[in-house]
>>> print(open('input.pdb').read())   # PDB, N, CA and C atoms, pLDDT in the B column
ATOM      1  N   MET A  13       3.191   3.461  15.158  1.00 86.00           N
ATOM      2  CA  MET A  13       4.489   2.866  15.285  1.00 86.00           C
ATOM      3  C   MET A  13       5.478   3.893  15.825  1.00 86.00           C
ATOM      4  N   LEU A  14       5.411   5.078  15.262  1.00 85.00           N
ATOM      5  CA  LEU A  14       6.321   6.137  15.715  1.00 85.00           C
ATOM      6  C   LEU A  14       6.094   6.446  17.193  1.00 85.00           C
ATOM      7  N   GLN A  15       4.850   6.540  17.581  1.00 91.00           N
ATOM      8  CA  GLN A  15       4.510   6.805  18.989  1.00 91.00           C
ATOM      9  C   GLN A  15       5.067   5.706  19.889  1.00 91.00           C
ATOM     10  N   TYR A  16       4.954   4.471  19.468  1.00 93.00           N
ATOM     11  CA  TYR A  16       5.462   3.337  20.243  1.00 93.00           C
ATOM     12  C   TYR A  16       6.979   3.424  20.413  1.00 93.00           C
ATOM     13  N   LEU A  17       7.688   3.664  19.313  1.00 91.00           N
ATOM     14  CA  LEU A  17       9.143   3.744  19.376  1.00 91.00           C
ATOM     15  C   LEU A  17       9.607   4.881  20.279  1.00 91.00           C
ATOM     16  N   LEU A  18       8.948   6.025  20.174  1.00 91.00           N
ATOM     17  CA  LEU A  18       9.316   7.162  21.023  1.00 91.00           C
ATOM     18  C   LEU A  18       9.046   6.866  22.497  1.00 91.00           C
ATOM     19  N   SER A  19       7.951   6.154  22.781  1.00 95.00           N
ATOM     20  CA  SER A  19       7.635   5.823  24.174  1.00 95.00           C
ATOM     21  C   SER A  19       8.649   4.853  24.778  1.00 95.00           C
ATOM     22  N   LYS A  20       9.349   4.107  23.925  1.00 95.00           N
ATOM     23  CA  LYS A  20      10.380   3.175  24.394  1.00 95.00           C
ATOM     24  C   LYS A  20      11.745   3.844  24.497  1.00 95.00           C
ATOM     25  N   GLY A  21      11.798   5.157  24.226  1.00 95.00           N
ATOM     26  CA  GLY A  21      13.033   5.897  24.355  1.00 95.00           C
ATOM     27  C   GLY A  21      13.983   5.734  23.175  1.00 95.00           C
ATOM     28  N   ILE A  22      13.464   5.248  22.059  1.00 94.00           N
ATOM     29  CA  ILE A  22      14.293   5.073  20.866  1.00 94.00           C
ATOM     30  C   ILE A  22      14.431   6.416  20.162  1.00 94.00           C
ATOM     31  N   LEU A  23      15.658   6.784  19.851  1.00 93.00           N
ATOM     32  CA  LEU A  23      15.939   8.053  19.193  1.00 93.00           C
ATOM     33  C   LEU A  23      15.633   7.938  17.701  1.00 93.00           C
ATOM     34  N   ILE A  24      14.788   8.814  17.187  1.00 90.00           N
ATOM     35  CA  ILE A  24      14.453   8.864  15.767  1.00 90.00           C
ATOM     36  C   ILE A  24      15.178  10.060  15.161  1.00 90.00           C
ATOM     37  N   GLU A  25      16.054   9.793  14.203  1.00 92.00           N
ATOM     38  CA  GLU A  25      16.806  10.877  13.570  1.00 92.00           C
ATOM     39  C   GLU A  25      16.101  11.419  12.330  1.00 92.00           C
ATOM     40  N   SER A  26      15.317  10.602  11.682  1.00 90.00           N
ATOM     41  CA  SER A  26      14.555  11.095  10.531  1.00 90.00           C
ATOM     42  C   SER A  26      13.319  10.224  10.354  1.00 90.00           C
ATOM     43  N   PHE A  27      12.352  10.781   9.639  1.00 84.00           N
ATOM     44  CA  PHE A  27      11.094  10.088   9.416  1.00 84.00           C
ATOM     45  C   PHE A  27      10.572  10.481   8.043  1.00 84.00           C
ATOM     46  N   ASN A  28      10.288   9.497   7.197  1.00 87.00           N
ATOM     47  CA  ASN A  28       9.738   9.762   5.862  1.00 87.00           C
ATOM     48  C   ASN A  28       8.441   8.991   5.700  1.00 87.00           C
ATOM     49  N   GLU A  29       7.383   9.708   5.435  1.00 85.00           N
ATOM     50  CA  GLU A  29       6.103   9.062   5.177  1.00 85.00           C
ATOM     51  C   GLU A  29       6.060   8.684   3.697  1.00 85.00           C
ATOM     52  N   ILE A  30       5.758   7.427   3.419  1.00 88.00           N
ATOM     53  CA  ILE A  30       5.682   6.960   2.031  1.00 88.00           C
ATOM     54  C   ILE A  30       4.214   6.713   1.703  1.00 88.00           C
ATOM     55  N   LEU A  31       3.712   7.467   0.750  1.00 92.00           N
ATOM     56  CA  LEU A  31       2.321   7.345   0.330  1.00 92.00           C
ATOM     57  C   LEU A  31       2.254   6.640  -1.017  1.00 92.00           C
ATOM     58  N   PRO A  32       1.264   5.767  -1.215  1.00 89.00           N
ATOM     59  CA  PRO A  32       1.138   5.100  -2.513  1.00 89.00           C
ATOM     60  C   PRO A  32       0.706   6.084  -3.590  1.00 89.00           C
ATOM     61  N   SER A  33       1.141   5.824  -4.817  1.00 93.00           N
ATOM     62  CA  SER A  33       0.721   6.671  -5.937  1.00 93.00           C
ATOM     63  C   SER A  33      -0.715   6.314  -6.314  1.00 93.00           C
ATOM     64  N   LEU A  34      -1.351   7.171  -7.080  1.00 93.00           N
ATOM     65  CA  LEU A  34      -2.704   6.859  -7.551  1.00 93.00           C
ATOM     66  C   LEU A  34      -2.706   5.585  -8.369  1.00 93.00           C
ATOM     67  N   ASN A  35      -1.633   5.350  -9.130  1.00 91.00           N
ATOM     68  CA  ASN A  35      -1.529   4.126  -9.919  1.00 91.00           C
ATOM     69  C   ASN A  35      -1.495   2.893  -9.010  1.00 91.00           C
ATOM     70  N   ASP A  36      -0.734   2.948  -7.924  1.00 88.00           N
ATOM     71  CA  ASP A  36      -0.674   1.831  -6.979  1.00 88.00           C
ATOM     72  C   ASP A  36      -2.050   1.552  -6.372  1.00 88.00           C
ATOM     73  N   ILE A  37      -2.754   2.603  -5.999  1.00 87.00           N
ATOM     74  CA  ILE A  37      -4.093   2.458  -5.427  1.00 87.00           C
ATOM     75  C   ILE A  37      -5.037   1.837  -6.449  1.00 87.00           C
ATOM     76  N   PHE A  38      -4.979   2.300  -7.692  1.00 88.00           N
ATOM     77  CA  PHE A  38      -5.839   1.768  -8.745  1.00 88.00           C
ATOM     78  C   PHE A  38      -5.572   0.279  -8.964  1.00 88.00           C
ATOM     79  N   ILE A  39      -4.309  -0.107  -9.066  1.00 85.00           N
ATOM     80  CA  ILE A  39      -3.956  -1.511  -9.296  1.00 85.00           C
ATOM     81  C   ILE A  39      -4.471  -2.383  -8.156  1.00 85.00           C
ATOM     82  N   ARG A  40      -4.319  -1.935  -6.923  1.00 83.00           N
ATOM     83  CA  ARG A  40      -4.819  -2.712  -5.775  1.00 83.00           C
ATOM     84  C   ARG A  40      -6.329  -2.870  -5.837  1.00 83.00           C
ATOM     85  N   GLN A  41      -7.032  -1.814  -6.227  1.00 82.00           N
ATOM     86  CA  GLN A  41      -8.489  -1.881  -6.308  1.00 82.00           C
ATOM     87  C   GLN A  41      -8.944  -2.834  -7.414  1.00 82.00           C
ATOM     88  N   VAL A  42      -8.295  -2.763  -8.562  1.00 81.00           N
ATOM     89  CA  VAL A  42      -8.677  -3.614  -9.697  1.00 81.00           C
ATOM     90  C   VAL A  42      -8.353  -5.077  -9.399  1.00 81.00           C
ATOM     91  N   GLU A  43      -7.207  -5.343  -8.779  1.00 78.00           N
ATOM     92  CA  GLU A  43      -6.835  -6.720  -8.467  1.00 78.00           C
ATOM     93  C   GLU A  43      -7.805  -7.352  -7.479  1.00 78.00           C
ATOM     94  N   GLY A  44      -8.496  -6.552  -6.722  1.00 69.00           N
ATOM     95  CA  GLY A  44      -9.428  -7.079  -5.733  1.00 69.00           C
ATOM     96  C   GLY A  44     -10.809  -7.398  -6.282  1.00 69.00           C
ATOM     97  N   THR A  45     -11.055  -7.164  -7.569  1.00 67.00           N
ATOM     98  CA  THR A  45     -12.373  -7.400  -8.138  1.00 67.00           C
ATOM     99  C   THR A  45     -12.429  -8.760  -8.836  1.00 67.00           C
ATOM    100  N   PRO A  46     -13.580  -9.420  -8.834  1.00 67.00           N
ATOM    101  CA  PRO A  46     -13.709 -10.716  -9.517  1.00 67.00           C
ATOM    102  C   PRO A  46     -13.405 -10.628 -11.016  1.00 67.00           C
ATOM    103  N   LEU A  47     -13.742  -9.507 -11.652  1.00 63.00           N
ATOM    104  CA  LEU A  47     -13.491  -9.379 -13.088  1.00 63.00           C
ATOM    105  C   LEU A  47     -12.000  -9.380 -13.408  1.00 63.00           C
ATOM    106  N   ALA A  48     -11.171  -8.954 -12.468  1.00 56.00           N
ATOM    107  CA  ALA A  48      -9.729  -8.915 -12.701  1.00 56.00           C
ATOM    108  C   ALA A  48      -9.140 -10.319 -12.773  1.00 56.00           C
ATOM    109  N   ARG A  49      -9.855 -11.303 -12.221  1.00 58.00           N
ATOM    110  CA  ARG A  49      -9.350 -12.673 -12.190  1.00 58.00           C
ATOM    111  C   ARG A  49      -9.887 -13.532 -13.331  1.00 58.00           C
ATOM    112  N   ARG A  50     -10.745 -12.972 -14.155  1.00 61.00           N
ATOM    113  CA  ARG A  50     -11.326 -13.731 -15.276  1.00 61.00           C
ATOM    114  C   ARG A  50     -10.402 -13.683 -16.477  1.00 61.00           C
ATOM    115  N   PHE A  51     -10.426 -14.756 -17.256  1.00 62.00           N
ATOM    116  CA  PHE A  51      -9.705 -14.767 -18.518  1.00 62.00           C
ATOM    117  C   PHE A  51     -10.602 -14.206 -19.594  1.00 62.00           C
ATOM    118  N   GLN A  52     -10.006 -13.498 -20.515  1.00 63.00           N
ATOM    119  CA  GLN A  52     -10.756 -12.939 -21.650  1.00 63.00           C
ATOM    120  C   GLN A  52     -10.882 -13.999 -22.718  1.00 63.00           C
ATOM    121  N   GLU A  53     -12.106 -14.216 -23.208  1.00 67.00           N
ATOM    122  CA  GLU A  53     -12.328 -15.203 -24.266  1.00 67.00           C
ATOM    123  C   GLU A  53     -11.853 -14.650 -25.595  1.00 67.00           C
ATOM    124  N   ILE A  54     -11.149 -15.486 -26.353  1.00 70.00           N
ATOM    125  CA  ILE A  54     -10.657 -15.107 -27.674  1.00 70.00           C
ATOM    126  C   ILE A  54     -11.367 -15.973 -28.701  1.00 70.00           C
ATOM    127  N   ASP A  55     -11.939 -15.326 -29.723  1.00 64.00           N
ATOM    128  CA  ASP A  55     -12.666 -16.094 -30.771  1.00 64.00           C
ATOM    129  C   ASP A  55     -11.733 -16.838 -31.676  1.00 64.00           C
TER     130      ASP A  55
END
>>> encode(input="input.pdb", output="C-alpha coordinates")
Amino acid sequence: MLQYLLSKGILIESFNEILPSLNDIFIRQVEGTPLARRFQEID
(Lines of atoms letter the chains of each structure in order from A and count residues from 1; the text may use other names and numbers.)
(Lines give C-alpha, C1' and ligand atoms only; values in the text may rest on other atoms or scores of the structure.)
Protein backbone atom coordinates (compact mmCIF):
# COMPACT_ATOMS: atom_id res chain seq x y z
CA MET A 1 0.00 0.00 0.00
CA LEU A 2 2.79 2.37 0.92
CA GLN A 3 4.58 1.64 -2.36
CA TYR A 4 1.37 2.34 -4.29
CA LEU A 5 0.74 5.67 -2.55
CA LEU A 6 4.31 6.82 -3.10
CA SER A 7 4.15 5.86 -6.79
CA LYS A 8 1.08 8.11 -7.13
CA GLY A 9 3.06 11.05 -5.75
CA ILE A 10 1.19 11.17 -2.44
CA LEU A 11 3.26 12.75 0.31
CA ILE A 12 3.57 10.54 3.42
CA GLU A 13 4.44 12.50 6.55
CA SER A 14 4.45 9.57 8.96
CA PHE A 15 4.01 5.82 8.96
CA ASN A 16 3.18 3.52 11.89
CA GLU A 17 3.17 -0.22 11.53
CA ILE A 18 0.55 -1.81 13.79
CA LEU A 19 1.27 -5.40 14.75
CA PRO A 20 -1.24 -7.65 16.52
CA SER A 21 -0.45 -8.72 20.07
CA LEU A 22 0.12 -12.38 20.88
CA ASN A 23 -3.28 -12.34 22.59
CA ASP A 24 -4.97 -11.09 19.38
CA ILE A 25 -3.25 -13.82 17.36
CA PHE A 26 -4.28 -16.48 19.88
CA ILE A 27 -7.93 -15.36 19.89
CA ARG A 28 -8.06 -15.42 16.08
CA GLN A 29 -6.58 -18.92 16.00
CA VAL A 30 -8.96 -20.29 18.64
CA GLU A 31 -12.03 -18.70 17.03
CA GLY A 32 -11.16 -20.47 13.80
CA THR A 33 -11.36 -23.97 15.32
CA PRO A 34 -14.52 -26.14 15.38
CA LEU A 35 -14.13 -26.69 19.14
CA ALA A 36 -14.44 -22.94 19.74
CA ARG A 37 -17.97 -23.03 18.29
CA ARG A 38 -19.24 -25.91 20.45
CA PHE A 39 -21.33 -25.41 23.54
CA GLN A 40 -20.09 -26.97 26.75
CA GLU A 41 -22.48 -29.53 28.22
CA ILE A 42 -23.55 -28.85 31.80
CA ASP A 43 -24.75 -31.75 33.97
>>> atom_distance(input="input.pdb", atom1="atom N of A:Tyr16", atom2="atom CA of A:Asn28")
15.4 Å
>>> atom_distance(input="input.pdb", atom1="atom CA of A:Leu14", atom2="atom N of A:Ser26")
10.8 Å
>>> select_by_dssp(input="input.pdb", residues="stretch 13-50 of chain A", states="alpha helix (DSSP H)", output="PyMOL selection string")
chain A and resi 14-19+34-43
>>> atom_distance(input="input.pdb", atom1="atom N of A:Asn35", atom2="atom N of A:Ile54")
28.7 Å
